[in-house]
Amino acid sequence: MLTVDQISAIRRRLEESQNPLFLFDNDTDGLCAFLLLRRFIDRGKGFPVKSFPELKASYARKIDELNPDCLFILDKAMVSPDFLDIVRKKNIPIVWIDHHDVPVPSNLEGVEYFNPLRTLNSKHQSSEPTTYWAWLVTKRKEDMWIAMVGCLADAYLPEFSEELYFQYPDFWKQVKDASDGRYKTQVGKIGMIFSFGLKDRTTNVISSIKFLCSVKSPSDIFQESAKNTLLERFSFINRKYQELISKAMNSPIENNLLYFQYGGDMSMSADISDELFHKFSDKTIIVCYITGSKANISIRSKRDILKPATEAIKEIAGATGGGHKNAVGSSMPAEDVLRFKEKFKKLLMS
Ligand SMILES: [Mn+2]
């Protein structure tokens, strides 16, 4: 848990800043955390970070370009030390909020680092999504649906589910867990629309972000307009996505492990593995996207997969990744995927 004092400290930074810059992880949790903070103060610019796993030093361009008076890093587990150095040299305060299960980054001088898994009181360690903490910082009732979208995307059902139902009975209902919320409600569908919206050309992503900064309610998301191009993008990607899901459903399952591999022009491994895990919740899911000589892998399971995955990643040269107890992402050379899979399987079984 983040403490009440930590949440107030983040809020103070936000309120004090006249020109904040938000760099957020390129997924629904990252996007929603940004939207909540941005909508709370109605100023500042935000961009998804496309480099993985690390926020690369090339993002220093944004600092030069925009001259922010505060930098917020959201939902990124790793940040390039060079990047932090550049920001520090300009005396820009850095607020870094994350919930990945990683060691505390070294050299946090000049950085306020918030991670519910890395609080001093080890009894209260938890891993609620970045969106959840942004929600506690801001708590704008009219943004509760955005908070729900971000939390569901990272498999967390927050305590305001019932309240949200009273606010938007057409878009939300009482659900038994985050997975049902995500795949059986309209608010959950918005998460998919956001996720697919982020998989677009930069100019389109930026105009969608602008639209989302001013959107009034969940119904606006389902209303096609000149400003809202998200629906069009959604139906375009969803066609490919549904095809992949039906293929993936027929994947072989061995030792409780479902493995699905695909190619094409777009990585959707996180989305595919989440949905497969929803359908086969007692299985460990490995989804692998191959493009040229590289592979992106997403793993989901009820079991603790972070340890075996991290171990297996360590043994493959050029592999990176990490994540959470039940959700791990990695990228590695394509030629090593099968070796990784075997190592991971062995470690998981042992
Ligand atoms: Mn997250």
# chains A, B, ... in the order shown; residues from 1 in each chain; ligands from 1
call {"tool": "closest_atom_pairs", "arguments": {"of": "chain A", "to": "ligand 1", "cutoff": "12 Å", "atoms": "only C-alpha atoms and all ligand atoms", "output": "tab-separated table"}}
result
residue	atom	partner	partner_atom_place_in_ligand_line	distance
A:Phe24	CA	ligand 1	1 (Mn)	9.6
A:Asp25	CA	ligand 1	1 (Mn)	7.5
A:Asn26	CA	ligand 1	1 (Mn)	9.5
A:Asp27	CA	ligand 1	1 (Mn)	7.6
A:Thr28	CA	ligand 1	1 (Mn)	7.8
A:Asp29	CA	ligand 1	1 (Mn)	4.9
A:Gly30	CA	ligand 1	1 (Mn)	6.0
A:Leu31	CA	ligand 1	1 (Mn)	9.4
A:Cys32	CA	ligand 1	1 (Mn)	9.7
A:Ala33	CA	ligand 1	1 (Mn)	8.9
A:Phe34	CA	ligand 1	1 (Mn)	11.5
A:Ile73	CA	ligand 1	1 (Mn)	11.9
A:Leu74	CA	ligand 1	1 (Mn)	8.4
A:Asp75	CA	ligand 1	1 (Mn)	5.1
A:Lys76	CA	ligand 1	1 (Mn)	7.7
A:Ala77	CA	ligand 1	1 (Mn)	9.0
A:Ile97	CA	ligand 1	1 (Mn)	9.9
A:Asp98	CA	ligand 1	1 (Mn)	7.2
A:His99	CA	ligand 1	1 (Mn)	6.5
A:His100	CA	ligand 1	1 (Mn)	7.1
A:Asp101	CA	ligand 1	1 (Mn)	10.6
A:Asn115	CA	ligand 1	1 (Mn)	11.2
A:Pro116	CA	ligand 1	1 (Mn)	12.0
A:Ser127	CA	ligand 1	1 (Mn)	9.1
A:Glu128	CA	ligand 1	1 (Mn)	8.3
A:Pro129	CA	ligand 1	1 (Mn)	5.0
A:Thr130	CA	ligand 1	1 (Mn)	5.5
A:Thr131	CA	ligand 1	1 (Mn)	7.5
A:Tyr132	CA	ligand 1	1 (Mn)	9.5
A:Trp133	CA	ligand 1	1 (Mn)	10.7
A:Ala134	CA	ligand 1	1 (Mn)	11.5
A:Val149	CA	ligand 1	1 (Mn)	11.8
A:Gly150	CA	ligand 1	1 (Mn)	8.2
A:Cys151	CA	ligand 1	1 (Mn)	8.3
A:Leu152	CA	ligand 1	1 (Mn)	10.1
A:Ala153	CA	ligand 1	1 (Mn)	8.0
A:Asp154	CA	ligand 1	1 (Mn)	5.8
A:Ala155	CA	ligand 1	1 (Mn)	9.4
A:Tyr156	CA	ligand 1	1 (Mn)	10.2
A:Ala270	CA	ligand 1	1 (Mn)	11.6
A:Gly322	CA	ligand 1	1 (Mn)	11.9
A:Gly323	CA	ligand 1	1 (Mn)	8.7
A:His324	CA	ligand 1	1 (Mn)	9.0
A:Ala327	CA	ligand 1	1 (Mn)	10.2
A:Val328	CA	ligand 1	1 (Mn)	11.1
A:Gly329	CA	ligand 1	1 (Mn)	11.5
call {"tool": "residues_around", "arguments": {"residues": "Tyr183 in chain A", "least_positions_apart": "5", "cutoff": "9 Å", "atoms": "only C-alpha atoms", "output": "MDAnalysis selection string"}}
result
chainID A and resid 178 188:189 275 278
call {"tool": "residues_around", "arguments": {"residues": "Asn255 in chain A", "least_positions_apart": "4", "cutoff": "12 Å", "atoms": "only C-alpha atoms", "output": "list in words"}}
result
Tyr259, Asp282, Lys283, Thr284, Ile285, Glu342, Lys345, Lys346, Leu348 and Met349 of chain A
call {"tool": "write_last_selection", "arguments": {"atoms": "N, CA, C and O atoms", "output": "PDB file, in the first residue's frame"}}
result
ATOM      1  N   TYR A 259       0.402 -22.905 -25.060  1.00  0.00           N
ATOM      2  CA  TYR A 259       1.380 -22.103 -25.800  1.00  0.00           C
ATOM      3  C   TYR A 259       0.795 -21.687 -27.145  1.00  0.00           C
ATOM      4  O   TYR A 259       0.330 -22.512 -27.919  1.00  0.00           O
ATOM      5  N   ASP A 282      -7.285 -21.887 -15.140  1.00  0.00           N
ATOM      6  CA  ASP A 282      -6.470 -22.839 -14.375  1.00  0.00           C
ATOM      7  C   ASP A 282      -5.206 -23.240 -15.144  1.00  0.00           C
ATOM      8  O   ASP A 282      -4.448 -24.094 -14.702  1.00  0.00           O
ATOM      9  N   LYS A 283      -5.003 -22.622 -16.302  1.00  0.00           N
ATOM     10  CA  LYS A 283      -3.810 -22.947 -17.101  1.00  0.00           C
ATOM     11  C   LYS A 283      -2.769 -21.825 -17.014  1.00  0.00           C
ATOM     12  O   LYS A 283      -3.095 -20.688 -16.702  1.00  0.00           O
ATOM     13  N   THR A 284      -1.540 -22.181 -17.308  1.00  0.00           N
ATOM     14  CA  THR A 284      -0.515 -21.155 -17.507  1.00  0.00           C
ATOM     15  C   THR A 284      -0.466 -20.852 -18.999  1.00  0.00           C
ATOM     16  O   THR A 284      -0.395 -21.771 -19.819  1.00  0.00           O
ATOM     17  N   ILE A 285      -0.541 -19.573 -19.331  1.00  0.00           N
ATOM     18  CA  ILE A 285      -0.664 -19.157 -20.733  1.00  0.00           C
ATOM     19  C   ILE A 285       0.642 -18.511 -21.197  1.00  0.00           C
ATOM     20  O   ILE A 285       1.151 -17.606 -20.533  1.00  0.00           O
ATOM     21  N   GLU A 342      11.217 -24.090 -22.629  1.00  0.00           N
ATOM     22  CA  GLU A 342      11.600 -25.317 -21.925  1.00  0.00           C
ATOM     23  C   GLU A 342      12.167 -25.011 -20.541  1.00  0.00           C
ATOM     24  O   GLU A 342      11.819 -25.654 -19.552  1.00  0.00           O
ATOM     25  N   LYS A 345       9.371 -23.875 -18.261  1.00  0.00           N
ATOM     26  CA  LYS A 345       8.511 -25.003 -17.894  1.00  0.00           C
ATOM     27  C   LYS A 345       9.170 -25.818 -16.778  1.00  0.00           C
ATOM     28  O   LYS A 345       8.520 -26.155 -15.786  1.00  0.00           O
ATOM     29  N   LYS A 346      10.429 -26.089 -16.967  1.00  0.00           N
ATOM     30  CA  LYS A 346      11.175 -26.871 -15.961  1.00  0.00           C
ATOM     31  C   LYS A 346      11.148 -26.185 -14.600  1.00  0.00           C
ATOM     32  O   LYS A 346      10.871 -26.805 -13.579  1.00  0.00           O
ATOM     33  N   LEU A 348       9.066 -23.916 -13.554  1.00  0.00           N
ATOM     34  CA  LEU A 348       7.698 -23.821 -13.031  1.00  0.00           C
ATOM     35  C   LEU A 348       7.280 -25.122 -12.367  1.00  0.00           C
ATOM     36  O   LEU A 348       6.594 -25.130 -11.341  1.00  0.00           O
ATOM     37  N   MET A 349       7.720 -26.241 -12.958  1.00  0.00           N
ATOM     38  CA  MET A 349       7.335 -27.565 -12.436  1.00  0.00           C
ATOM     39  C   MET A 349       8.130 -27.919 -11.187  1.00  0.00           C
ATOM     40  O   MET A 349       7.704 -28.745 -10.397  1.00  0.00           O
TER      41      MET A 349
END
call {"tool": "closest_atom_pairs", "arguments": {"of": "range 48-101 of chain A", "to": "range 205-208 of chain A", "cutoff": "12 Å", "atoms": "only C-alpha atoms", "output": "tab-separated table"}}
result
residue	atom	partner	partner_atom	distance
A:Pro48	CA	A:Val205	CA	8.8
A:Val49	CA	A:Val205	CA	11.8
A:Lys50	CA	A:Val205	CA	11.9
call {"tool": "write_last_selection", "arguments": {"atoms": "all heavy atoms", "output": "CSV table (one decimal), in the first residue's frame"}}
result
chain,number,residue,atom,x,y,z
A,48,PRO,N,2.8,8.1,-24.3
A,48,PRO,CA,3.1,6.8,-24.0
A,48,PRO,C,4.5,6.5,-24.2
A,48,PRO,O,5.1,7.0,-25.2
A,48,PRO,CB,2.1,6.0,-24.9
A,48,PRO,CG,1.8,6.9,-26.0
A,48,PRO,CD,1.9,8.3,-25.5
A,49,VAL,N,5.1,5.6,-23.4
A,49,VAL,CA,6.5,5.2,-23.6
A,49,VAL,C,6.6,3.9,-24.4
A,49,VAL,O,6.0,2.9,-23.9
A,49,VAL,CB,7.2,5.1,-22.2
A,49,VAL,CG1,8.6,4.5,-22.4
A,49,VAL,CG2,7.2,6.4,-21.5
A,50,LYS,N,7.2,4.0,-25.5
A,50,LYS,CA,7.1,2.8,-26.4
A,50,LYS,C,8.4,1.9,-26.2
A,50,LYS,O,8.4,0.7,-26.6
A,50,LYS,CB,7.0,3.2,-27.8
A,50,LYS,CG,5.7,3.9,-28.1
A,50,LYS,CD,5.1,3.6,-29.4
A,50,LYS,CE,3.7,4.2,-29.5
A,50,LYS,NZ,3.1,4.1,-30.8
call {"tool": "residues_around", "arguments": {"residues": "Asn326 in chain A", "least_positions_apart": "2", "cutoff": "6 Å", "atoms": "only C-alpha atoms", "output": "short mmCIF file (atom, residue, chain, number, x, y, z; two decimals) with all heavy atoms, in the first residue's frame"}}
result
data_model
loop_
_atom_site.label_atom_id
_atom_site.label_comp_id
_atom_site.auth_asym_id
_atom_site.auth_seq_id
_atom_site.Cartn_x
_atom_site.Cartn_y
_atom_site.Cartn_z
N ARG A 300 0.79 -15.57 -18.42
CA ARG A 300 -0.22 -15.35 -17.39
C ARG A 300 -0.45 -16.65 -16.65
O ARG A 300 -0.46 -17.73 -17.26
CB ARG A 300 -1.57 -14.91 -18.01
CG ARG A 300 -1.51 -13.64 -18.86
CD ARG A 300 -1.29 -12.40 -18.01
NE ARG A 300 -1.31 -11.17 -18.81
CZ ARG A 300 -0.23 -10.61 -19.35
NH1 ARG A 300 0.96 -11.20 -19.22
NH2 ARG A 300 -0.34 -9.49 -20.03
N SER A 301 -0.71 -16.56 -15.36
CA SER A 301 -1.01 -17.77 -14.59
C SER A 301 -1.53 -17.42 -13.21
O SER A 301 -1.27 -16.32 -12.71
CB SER A 301 0.26 -18.63 -14.44
OG SER A 301 -0.02 -19.81 -13.75
N LYS A 302 -2.27 -18.35 -12.61
CA LYS A 302 -2.65 -18.21 -11.21
C LYS A 302 -1.45 -18.43 -10.32
O LYS A 302 -1.39 -17.96 -9.20
CB LYS A 302 -3.66 -19.32 -10.87
CG LYS A 302 -5.09 -18.84 -10.78
CD LYS A 302 -5.96 -20.01 -10.34
CE LYS A 302 -7.39 -19.74 -10.75
NZ LYS A 302 -8.19 -20.95 -10.83
N ASP A 304 2.62 -18.40 -9.18
CA ASP A 304 3.66 -17.36 -9.20
C ASP A 304 4.63 -17.67 -10.35
O ASP A 304 5.41 -18.61 -10.28
CB ASP A 304 4.41 -17.35 -7.86
CG ASP A 304 5.43 -16.22 -7.80
OD1 ASP A 304 5.72 -15.62 -8.86
OD2 ASP A 304 5.93 -15.93 -6.72
N ILE A 305 4.52 -16.88 -11.41
CA ILE A 305 5.37 -17.12 -12.58
C ILE A 305 6.53 -16.15 -12.66
O ILE A 305 7.42 -16.31 -13.48
CB ILE A 305 4.55 -17.05 -13.89
CG1 ILE A 305 3.68 -15.79 -13.88
CG2 ILE A 305 3.73 -18.31 -14.09
CD1 ILE A 305 3.04 -15.49 -15.21
N HIS A 324 4.81 -8.89 -12.93
CA HIS A 324 4.07 -9.14 -11.70
C HIS A 324 4.04 -10.63 -11.40
O HIS A 324 4.39 -11.44 -12.24
CB HIS A 324 2.63 -8.63 -11.84
CG HIS A 324 2.54 -7.24 -12.38
ND1 HIS A 324 2.70 -6.14 -11.59
CD2 HIS A 324 2.32 -6.78 -13.63
CE1 HIS A 324 2.57 -5.05 -12.33
NE2 HIS A 324 2.35 -5.41 -13.59
#
call {"tool": "closest_residue", "arguments": {"among": "A:Arg239, A:Arg38, A:Arg61, A:Lys90", "to": "Arg140 in chain A", "atoms": "only C-alpha atoms"}}
result
A:Arg38
call {"tool": "residues_around", "arguments": {"residues": "Ile7 in chain A", "least_positions_apart": "6", "cutoff": "10 Å", "atoms": "only C-alpha atoms", "output": "ChimeraX atom specification"}}
result
/A:114,133-138
call {"tool": "residues_around", "arguments": {"residues": "range 230-238 of chain A", "least_positions_apart": "2", "cutoff": "9 Å", "atoms": "only C-alpha atoms", "output": "PyMOL selection string"}}
result
chain A and resi 192-197+199-200+208+221-224+227-228+240-243
